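For reference, work-v8.json is printed below; it contains JSON, N, CA and C atoms.
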```json
[["chain", "number", "residue", "atom", "x", "y", "z"],
["Y", 1, "MET", "N", 14.53, 7.43, 4.80],
["Y", 1, "MET", "CA", 13.21, 7.70, 5.33],
["Y", 1, "MET", "C", 12.75, 6.51, 6.16],
["Y", 2, "SER", "N", 12.15, 6.77, 7.30],
["Y", 2, "SER", "CA", 11.69, 5.69, 8.17],
["Y", 2, "SER", "C", 10.20, 5.47, 7.98],
["Y", 3, "LEU", "N", 9.72, 4.36, 8.50],
["Y", 3, "LEU", "CA", 8.29, 4.08, 8.43],
["Y", 3, "LEU", "C", 7.49, 5.10, 9.21],
["Y", 4, "ASN", "N", 8.08, 5.67, 10.26],
["Y", 4, "ASN", "CA", 7.37, 6.69, 11.03],
["Y", 4, "ASN", "C", 7.03, 7.90, 10.16],
["Y", 5, "ASP", "N", 7.88, 8.18, 9.17],
["Y", 5, "ASP", "CA", 7.62, 9.28, 8.27],
["Y", 5, "ASP", "C", 6.48, 8.96, 7.31],
["Y", 6, "LEU", "N", 6.18, 7.68, 7.12],
["Y", 6, "LEU", "CA", 5.20, 7.27, 6.14],
["Y", 6, "LEU", "C", 3.82, 7.05, 6.72],
["Y", 7, "THR", "N", 3.70, 6.86, 8.03],
["Y", 7, "THR", "CA", 2.41, 6.53, 8.59],
["Y", 7, "THR", "C", 1.56, 7.79, 8.78],
["Y", 8, "PRO", "N", 0.24, 7.66, 8.55],
["Y", 8, "PRO", "CA", -0.63, 8.81, 8.75],
["Y", 8, "PRO", "C", -0.78, 9.14, 10.23],
["Y", 9, "THR", "N", -1.47, 10.22, 10.52],
["Y", 9, "THR", "CA", -1.56, 10.73, 11.88],
["Y", 9, "THR", "C", -2.16, 9.74, 12.86],
["Y", 10, "ASP", "N", -2.99, 8.82, 12.42],
["Y", 10, "ASP", "CA", -3.57, 7.85, 13.35],
["Y", 10, "ASP", "C", -2.68, 6.63, 13.52],
["Y", 11, "ASN", "N", -1.45, 6.68, 12.99],
["Y", 11, "ASN", "CA", -0.44, 5.65, 13.23],
["Y", 11, "ASN", "C", -0.86, 4.25, 12.77],
["Y", 12, "LEU", "N", -1.16, 4.11, 11.49],
["Y", 12, "LEU", "CA", -1.45, 2.78, 10.97],
["Y", 12, "LEU", "C", -0.25, 1.88, 11.18],
["Y", 13, "PRO", "N", -0.47, 0.62, 11.51],
["Y", 13, "PRO", "CA", 0.64, -0.28, 11.78],
["Y", 13, "PRO", "C", 1.49, -0.57, 10.55],
["Y", 14, "ASP", "N", 2.74, -0.92, 10.81],
["Y", 14, "ASP", "CA", 3.68, -1.26, 9.75],
["Y", 14, "ASP", "C", 3.14, -2.37, 8.86],
["Y", 15, "GLN", "N", 2.35, -3.29, 9.43],
["Y", 15, "GLN", "CA", 1.87, -4.41, 8.63],
["Y", 15, "GLN", "C", 0.96, -3.97, 7.50],
["Y", 16, "ILE", "N", 0.33, -2.80, 7.61],
["Y", 16, "ILE", "CA", -0.49, -2.30, 6.51],
["Y", 16, "ILE", "C", 0.40, -1.80, 5.39],
["Y", 17, "VAL", "N", 1.47, -1.09, 5.74],
["Y", 17, "VAL", "CA", 2.44, -0.65, 4.73],
["Y", 17, "VAL", "C", 3.02, -1.88, 4.03],
["Y", 18, "TYR", "N", 3.36, -2.87, 4.81],
["Y", 18, "TYR", "CA", 3.92, -4.10, 4.25],
["Y", 18, "TYR", "C", 2.92, -4.76, 3.30],
["Y", 19, "ALA", "N", 1.65, -4.86, 3.72],
["Y", 19, "ALA", "CA", 0.62, -5.51, 2.89],
["Y", 19, "ALA", "C", 0.45, -4.77, 1.56],
["Y", 20, "LEU", "N", 0.47, -3.46, 1.59],
["Y", 20, "LEU", "CA", 0.32, -2.67, 0.36],
["Y", 20, "LEU", "C", 1.46, -2.93, -0.60],
["Y", 21, "LEU", "N", 2.68, -2.76, -0.12],
["Y", 21, "LEU", "CA", 3.85, -2.94, -0.99],
["Y", 21, "LEU", "C", 3.98, -4.38, -1.45],
["Y", 22, "ASN", "N", 3.70, -5.33, -0.58],
["Y", 22, "ASN", "CA", 3.83, -6.73, -0.92],
["Y", 22, "ASN", "C", 2.83, -7.12, -2.02],
["Y", 23, "LYS", "N", 1.61, -6.61, -1.95],
["Y", 23, "LYS", "CA", 0.63, -6.94, -2.97],
["Y", 23, "LYS", "C", 1.03, -6.34, -4.32],
["Y", 24, "ILE", "N", 1.55, -5.13, -4.31],
["Y", 24, "ILE", "CA", 2.01, -4.51, -5.56],
["Y", 24, "ILE", "C", 3.19, -5.30, -6.11],
["Y", 25, "LYS", "N", 4.08, -5.75, -5.23],
["Y", 25, "LYS", "CA", 5.27, -6.49, -5.65],
["Y", 25, "LYS", "C", 4.91, -7.79, -6.36],
["Y", 26, "HIS", "N", 3.84, -8.43, -5.92],
["Y", 26, "HIS", "CA", 3.49, -9.73, -6.49],
["Y", 26, "HIS", "C", 2.91, -9.65, -7.89],
["Y", 27, "GLU", "N", 2.61, -8.48, -8.35],
["Y", 27, "GLU", "CA", 2.14, -8.32, -9.73],
["Y", 27, "GLU", "C", 3.35, -8.02, -10.60],
["Y", 28, "GLU", "N", 3.61, -8.86, -11.58],
["Y", 28, "GLU", "CA", 4.76, -8.66, -12.48],
["Y", 28, "GLU", "C", 4.43, -7.58, -13.49],
["Y", 29, "GLY", "N", 5.33, -6.62, -13.60],
["Y", 29, "GLY", "CA", 5.12, -5.52, -14.55],
["Y", 29, "GLY", "C", 4.00, -4.62, -14.08],
["Y", 30, "PRO", "N", 3.75, -3.56, -14.81],
["Y", 30, "PRO", "CA", 2.66, -2.65, -14.42],
["Y", 30, "PRO", "C", 1.29, -3.32, -14.59],
["Y", 31, "ARG", "N", 0.55, -3.40, -13.50],
["Y", 31, "ARG", "CA", -0.78, -4.02, -13.50],
["Y", 31, "ARG", "C", -1.70, -3.21, -12.59],
["Y", 32, "ASP", "N", -3.00, -3.41, -12.76],
["Y", 32, "ASP", "CA", -3.96, -2.82, -11.85],
["Y", 32, "ASP", "C", -4.05, -3.70, -10.61],
["Y", 33, "VAL", "N", -3.88, -3.09, -9.44],
["Y", 33, "VAL", "CA", -3.91, -3.83, -8.18],
["Y", 33, "VAL", "C", -5.02, -3.22, -7.32],
["Y", 34, "SER", "N", -6.00, -4.04, -6.94],
["Y", 34, "SER", "CA", -7.09, -3.59, -6.07],
["Y", 34, "SER", "C", -6.84, -4.07, -4.66],
["Y", 35, "PHE", "N", -7.19, -3.23, -3.72],
["Y", 35, "PHE", "CA", -7.02, -3.55, -2.31],
["Y", 35, "PHE", "C", -8.39, -3.70, -1.66],
["Y", 36, "VAL", "N", -8.55, -4.79, -0.90],
["Y", 36, "VAL", "CA", -9.78, -5.06, -0.16],
["Y", 36, "VAL", "C", -9.42, -5.24, 1.31],
["Y", 37, "ALA", "N", -10.41, -5.17, 2.17],
["Y", 37, "ALA", "CA", -10.17, -5.26, 3.62],
["Y", 37, "ALA", "C", -9.42, -6.53, 4.00],
["Y", 38, "GLU", "N", -9.68, -7.63, 3.31],
["Y", 38, "GLU", "CA", -9.03, -8.90, 3.63],
["Y", 38, "GLU", "C", -7.52, -8.87, 3.42],
["Y", 39, "ASP", "N", -7.03, -7.91, 2.64],
["Y", 39, "ASP", "CA", -5.59, -7.79, 2.41],
["Y", 39, "ASP", "C", -4.83, -7.40, 3.67],
["Y", 40, "PHE", "N", -5.54, -6.90, 4.68],
["Y", 40, "PHE", "CA", -4.88, -6.32, 5.85],
["Y", 40, "PHE", "C", -5.05, -7.16, 7.11],
["Y", 41, "GLU", "N", -5.37, -8.43, 6.97],
["Y", 41, "GLU", "CA", -5.41, -9.40, 8.05],
["Y", 41, "GLU", "C", -6.06, -8.88, 9.34],
["Y", 42, "GLY", "N", -7.27, -8.42, 9.23],
["Y", 42, "GLY", "CA", -8.03, -8.01, 10.40],
["Y", 42, "GLY", "C", -7.78, -6.59, 10.88],
["Y", 43, "GLN", "N", -6.84, -5.88, 10.28],
["Y", 43, "GLN", "CA", -6.60, -4.48, 10.64],
["Y", 43, "GLN", "C", -7.73, -3.62, 10.09],
["Y", 44, "GLN", "N", -8.18, -2.66, 10.86],
["Y", 44, "GLN", "CA", -9.23, -1.76, 10.41],
["Y", 44, "GLN", "C", -8.62, -0.66, 9.55],
["Y", 45, "VAL", "N", -9.01, -0.62, 8.29],
["Y", 45, "VAL", "CA", -8.49, 0.38, 7.35],
["Y", 45, "VAL", "C", -9.67, 0.96, 6.60],
["Y", 46, "ASN", "N", -9.81, 2.28, 6.62],
["Y", 46, "ASN", "CA", -10.87, 2.86, 5.81],
["Y", 46, "ASN", "C", -10.27, 3.43, 4.52],
["Y", 47, "ARG", "N", -11.12, 3.71, 3.58],
["Y", 47, "ARG", "CA", -10.71, 4.16, 2.24],
["Y", 47, "ARG", "C", -9.82, 5.40, 2.29],
["Y", 48, "GLU", "N", -10.18, 6.38, 3.10],
["Y", 48, "GLU", "CA", -9.41, 7.63, 3.16],
["Y", 48, "GLU", "C", -8.00, 7.39, 3.69],
["Y", 49, "GLU", "N", -7.88, 6.58, 4.75],
["Y", 49, "GLU", "CA", -6.57, 6.26, 5.31],
["Y", 49, "GLU", "C", -5.71, 5.51, 4.29],
["Y", 50, "LEU", "N", -6.34, 4.58, 3.61],
["Y", 50, "LEU", "CA", -5.63, 3.78, 2.63],
["Y", 50, "LEU", "C", -5.10, 4.64, 1.49],
["Y", 51, "ILE", "N", -5.93, 5.51, 0.98],
["Y", 51, "ILE", "CA", -5.51, 6.38, -0.12],
["Y", 51, "ILE", "C", -4.42, 7.34, 0.33],
["Y", 52, "GLU", "N", -4.54, 7.86, 1.56],
["Y", 52, "GLU", "CA", -3.49, 8.74, 2.09],
["Y", 52, "GLU", "C", -2.16, 8.00, 2.19],
["Y", 53, "LEU", "N", -2.19, 6.79, 2.70],
["Y", 53, "LEU", "CA", -0.97, 6.01, 2.84],
["Y", 53, "LEU", "C", -0.39, 5.63, 1.47],
["Y", 54, "LEU", "N", -1.25, 5.24, 0.53],
["Y", 54, "LEU", "CA", -0.78, 4.95, -0.83],
["Y", 54, "LEU", "C", -0.12, 6.17, -1.45],
["Y", 55, "ASN", "N", -0.71, 7.34, -1.26],
["Y", 55, "ASN", "CA", -0.11, 8.57, -1.80],
["Y", 55, "ASN", "C", 1.26, 8.83, -1.18],
["Y", 56, "ARG", "N", 1.38, 8.61, 0.12],
["Y", 56, "ARG", "CA", 2.69, 8.82, 0.77],
["Y", 56, "ARG", "C", 3.73, 7.84, 0.25],
["Y", 57, "LEU", "N", 3.34, 6.59, 0.08],
["Y", 57, "LEU", "CA", 4.27, 5.59, -0.45],
["Y", 57, "LEU", "C", 4.68, 5.93, -1.88],
["Y", 58, "LYS", "N", 3.73, 6.37, -2.67],
["Y", 58, "LYS", "CA", 4.02, 6.74, -4.06],
["Y", 58, "LYS", "C", 4.94, 7.97, -4.10],
["Y", 59, "GLN", "N", 4.62, 8.99, -3.32],
["Y", 59, "GLN", "CA", 5.45, 10.20, -3.29],
["Y", 59, "GLN", "C", 6.86, 9.91, -2.79],
["Y", 60, "SER", "N", 7.00, 8.90, -1.96],
["Y", 60, "SER", "CA", 8.31, 8.51, -1.44],
["Y", 60, "SER", "C", 9.08, 7.65, -2.43],
["Y", 61, "GLY", "N", 8.44, 7.31, -3.55],
["Y", 61, "GLY", "CA", 9.12, 6.56, -4.59],
["Y", 61, "GLY", "C", 9.14, 5.06, -4.40],
["Y", 62, "TYR", "N", 8.23, 4.51, -3.58],
["Y", 62, "TYR", "CA", 8.20, 3.07, -3.32],
["Y", 62, "TYR", "C", 7.43, 2.29, -4.37],
["Y", 63, "PHE", "N", 6.57, 2.96, -5.13],
["Y", 63, "PHE", "CA", 5.90, 2.35, -6.26],
["Y", 63, "PHE", "C", 5.46, 3.44, -7.21],
["Y", 64, "ILE", "N", 5.16, 3.03, -8.44],
["Y", 64, "ILE", "CA", 4.61, 3.96, -9.42],
["Y", 64, "ILE", "C", 3.23, 3.45, -9.81],
["Y", 65, "GLY", "N", 2.37, 4.35, -10.24],
["Y", 65, "GLY", "CA", 1.03, 3.99, -10.67],
["Y", 65, "GLY", "C", 0.07, 5.10, -10.35],
["Y", 66, "GLU", "N", -1.17, 4.92, -10.76],
["Y", 66, "GLU", "CA", -2.22, 5.91, -10.54],
["Y", 66, "GLU", "C", -3.18, 5.38, -9.49],
["Y", 67, "ILE", "N", -3.37, 6.15, -8.42],
["Y", 67, "ILE", "CA", -4.21, 5.73, -7.30],
["Y", 67, "ILE", "C", -5.63, 6.20, -7.52],
["Y", 68, "GLU", "N", -6.57, 5.27, -7.37],
["Y", 68, "GLU", "CA", -7.99, 5.60, -7.50],
["Y", 68, "GLU", "C", -8.73, 5.08, -6.27],
["Y", 69, "GLY", "N", -9.52, 5.95, -5.65],
["Y", 69, "GLY", "CA", -10.42, 5.51, -4.58],
["Y", 69, "GLY", "C", -11.64, 4.91, -5.24],
["Y", 70, "ASN", "N", -12.02, 3.72, -4.87],
["Y", 70, "ASN", "CA", -13.10, 3.02, -5.55],
["Y", 70, "ASN", "C", -14.46, 3.29, -4.93],
["Y", 71, "THR", "N", -14.89, 4.53, -4.93],
["Y", 71, "THR", "CA", -16.20, 4.82, -4.37],
["Y", 71, "THR", "C", -17.30, 4.15, -5.18],
["Y", 72, "ALA", "N", -17.13, 4.07, -6.48],
["Y", 72, "ALA", "CA", -18.14, 3.43, -7.32],
["Y", 72, "ALA", "C", -18.13, 1.92, -7.14],
["Y", 73, "ASN", "N", -17.00, 1.36, -6.76],
["Y", 73, "ASN", "CA", -16.88, -0.10, -6.62],
["Y", 73, "ASN", "C", -16.93, -0.55, -5.17],
["Y", 74, "SER", "N", -17.36, 0.30, -4.27],
["Y", 74, "SER", "CA", -17.35, -0.06, -2.85],
["Y", 74, "SER", "C", -18.23, -1.26, -2.55],
["Y", 75, "GLU", "N", -19.27, -1.48, -3.35],
["Y", 75, "GLU", "CA", -20.13, -2.64, -3.12],
["Y", 75, "GLU", "C", -19.39, -3.96, -3.38],
["Y", 76, "SER", "N", -18.32, -3.91, -4.18],
["Y", 76, "SER", "CA", -17.54, -5.13, -4.43],
["Y", 76, "SER", "C", -16.50, -5.36, -3.34],
["Y", 77, "GLY", "N", -16.39, -4.45, -2.41],
["Y", 77, "GLY", "CA", -15.44, -4.60, -1.32],
["Y", 77, "GLY", "C", -14.09, -3.97, -1.57],
["Y", 78, "SER", "N", -13.87, -3.43, -2.76],
["Y", 78, "SER", "CA", -12.58, -2.82, -3.08],
["Y", 78, "SER", "C", -12.49, -1.44, -2.45],
["Y", 79, "LEU", "N", -11.39, -1.21, -1.73],
["Y", 79, "LEU", "CA", -11.17, 0.09, -1.07],
["Y", 79, "LEU", "C", -10.47, 1.07, -1.99],
["Y", 80, "ALA", "N", -9.53, 0.57, -2.78],
["Y", 80, "ALA", "CA", -8.76, 1.43, -3.68],
["Y", 80, "ALA", "C", -8.12, 0.54, -4.74],
["Y", 81, "THR", "N", -7.76, 1.17, -5.85],
["Y", 81, "THR", "CA", -7.06, 0.48, -6.92],
["Y", 81, "THR", "C", -5.88, 1.33, -7.35],
["Y", 82, "CYS", "N", -4.77, 0.69, -7.65],
["Y", 82, "CYS", "CA", -3.62, 1.36, -8.25],
["Y", 82, "CYS", "C", -3.54, 0.88, -9.68],
["Y", 83, "LYS", "N", -3.76, 1.79, -10.61],
["Y", 83, "LYS", "CA", -3.67, 1.46, -12.04],
["Y", 83, "LYS", "C", -2.21, 1.47, -12.45],
["Y", 84, "ASN", "N", -1.83, 0.48, -13.25],
["Y", 84, "ASN", "CA", -0.46, 0.35, -13.75],
["Y", 84, "ASN", "C", 0.57, 0.39, -12.62],
["Y", 85, "ALA", "N", 0.25, -0.26, -11.51],
["Y", 85, "ALA", "CA", 1.13, -0.26, -10.34],
["Y", 85, "ALA", "C", 2.36, -1.13, -10.58],
["Y", 86, "GLN", "N", 3.47, -0.63, -10.11],
["Y", 86, "GLN", "CA", 4.72, -1.39, -10.20],
["Y", 86, "GLN", "C", 5.61, -0.94, -9.05],
["Y", 87, "ILE", "N", 6.15, -1.91, -8.31],
["Y", 87, "ILE", "CA", 7.04, -1.58, -7.19],
["Y", 87, "ILE", "C", 8.39, -1.12, -7.75],
["Y", 88, "THR", "N", 9.03, -0.23, -7.02],
["Y", 88, "THR", "CA", 10.35, 0.28, -7.43],
["Y", 88, "THR", "C", 11.44, -0.44, -6.65],
["Y", 89, "THR", "N", 12.67, -0.18, -7.01],
["Y", 89, "THR", "CA", 13.81, -0.74, -6.28],
["Y", 89, "THR", "C", 13.75, -0.30, -4.82],
["Y", 90, "ASP", "N", 13.40, 0.97, -4.58],
["Y", 90, "ASP", "CA", 13.27, 1.45, -3.20],
["Y", 90, "ASP", "C", 12.15, 0.73, -2.46],
["Y", 91, "GLY", "N", 11.06, 0.43, -3.16],
["Y", 91, "GLY", "CA", 9.95, -0.30, -2.55],
["Y", 91, "GLY", "C", 10.36, -1.70, -2.16],
["Y", 92, "ARG", "N", 11.13, -2.37, -3.02],
["Y", 92, "ARG", "CA", 11.63, -3.71, -2.69],
["Y", 92, "ARG", "C", 12.57, -3.64, -1.48],
["Y", 93, "ALA", "N", 13.40, -2.60, -1.43],
["Y", 93, "ALA", "CA", 14.32, -2.44, -0.30],
["Y", 93, "ALA", "C", 13.53, -2.22, 0.99],
["Y", 94, "MET", "N", 12.45, -1.43, 0.91],
["Y", 94, "MET", "CA", 11.60, -1.19, 2.09],
["Y", 94, "MET", "C", 10.98, -2.50, 2.56],
["Y", 95, "LEU", "N", 10.48, -3.31, 1.63],
["Y", 95, "LEU", "CA", 9.91, -4.61, 2.00],
["Y", 95, "LEU", "C", 10.94, -5.49, 2.69],
["Y", 96, "ASN", "N", 12.14, -5.53, 2.14],
["Y", 96, "ASN", "CA", 13.21, -6.33, 2.75],
["Y", 96, "ASN", "C", 13.53, -5.84, 4.15],
["Y", 97, "ALA", "N", 13.61, -4.51, 4.32],
["Y", 97, "ALA", "CA", 13.91, -3.94, 5.63],
["Y", 97, "ALA", "C", 12.80, -4.26, 6.64],
["Y", 98, "MET", "N", 11.56, -4.24, 6.18],
["Y", 98, "MET", "CA", 10.44, -4.52, 7.07],
["Y", 98, "MET", "C", 10.39, -6.00, 7.43],
["Y", 99, "TYR", "N", 10.64, -6.86, 6.45],
["Y", 99, "TYR", "CA", 10.54, -8.29, 6.66],
["Y", 99, "TYR", "C", 11.69, -8.80, 7.53],
["Y", 100, "PHE", "N", 12.86, -8.23, 7.33],
["Y", 100, "PHE", "CA", 14.04, -8.72, 8.03],
["Y", 100, "PHE", "C", 14.44, -7.84, 9.21],
["Y", 101, "LYS", "N", 13.56, -6.94, 9.68],
["Y", 101, "LYS", "CA", 13.93, -6.06, 10.79],
["Y", 101, "LYS", "C", 14.11, -6.87, 12.07],
["Y", 102, "PRO", "N", 15.07, -6.45, 12.92],
["Y", 102, "PRO", "CA", 15.31, -7.19, 14.16],
["Y", 102, "PRO", "C", 14.13, -7.12, 15.10],
["Y", 103, "VAL", "N", 13.94, -8.19, 15.85],
["Y", 103, "VAL", "CA", 12.80, -8.27, 16.78],
["Y", 103, "VAL", "C", 13.18, -7.65, 18.10]]
```
Structure re-expressed in structure tokens:
Amino acid sequence: MSLNDLTPTDNLPDQIVYALLNKIKHEEGPRDVSFVAEDFEGQQVNREELIELLNRLKQSGYFIGEIEGNTANSESGSLATCKNAQITTDGRAMLNAMYFKPV
């Protein structure tokens, strides 16, 4: 599966996919991982796009966990949370492919 298959219709950049998987990867074992706008280095991401992309990544087997849109926590700046998130072997492979892709 390519990244083109994973991006939503408005073509979110690869760096957002990378930021999502990388943040999940940095948590050892299943943990709750919250995503805030600052995680995406100036990229404009809204809650709906983020949840759609997280669902696609999860359905593709790149991580496991329960996705929650943080409408109640929006005042804290959190866009979404993945409960018990853990990256999979395929997710690690995707990160490696993205990080080491030819220029």
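For Lys83 of chain Y, the residues within 8 Å (counting all atoms listed in the file, excluding itself and residues fewer than 2 positions away along the chain) are Y:Pro30, Y:Arg31, Y:Asp32, Y:Val33, Y:Ser34, Y:Ile64, Y:Gly65, Y:Glu66, Y:Ile67, Y:Glu68, Y:Ala80, Y:Thr81, Y:Ala85, Y:Gln86.
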### Query
If you run DSSP on this backbone, which residues of segment 21-102 of chain Y come out as strand (DSSP E), and could you give them as number ranges by chain?
Y: 31-36, 63-69, 78-87
### Query
In Å, how far is it from atom CA of Val17 of chain Y to atom CA of Leu54 of chain Y?
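We find that atom CA of Val17 of chain Y and atom CA of Leu54 of chain Y lie 8.5 Å from each other.
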### Query
Using only C-alpha atoms, which of Y:Gln15, Y:Asn84, Y:Ala93, Y:Leu21 sits nearest Leu57 of chain Y?
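Among the listed residues, Y:Leu21 lies closest to Leu57 of chain Y.
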### Query
What gap, in Å, lies between atom C of Gly77 of chain Y and atom N of Asp14 of chain Y?
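Between these atoms lies a distance of 21.1 Å.
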### Message
List the spatial neighbours of Val36 of chain Y as a list in words - criterion: any atom at most 12 Å away, only C-alpha atoms, same-chain residues fewer than 3 positions off excluded.
### Response
Ile16, Ala19, Leu20, Lys23, Val33, Asp39, Phe40, Glu41, Gly42, Gln43, Gln44, Val45, Asn46, Arg47, Leu50, Gly69, Asn70, Asn73, Ser74, Glu75, Ser76, Gly77, Ser78, Leu79, Ala80 and Thr81 of chain Y
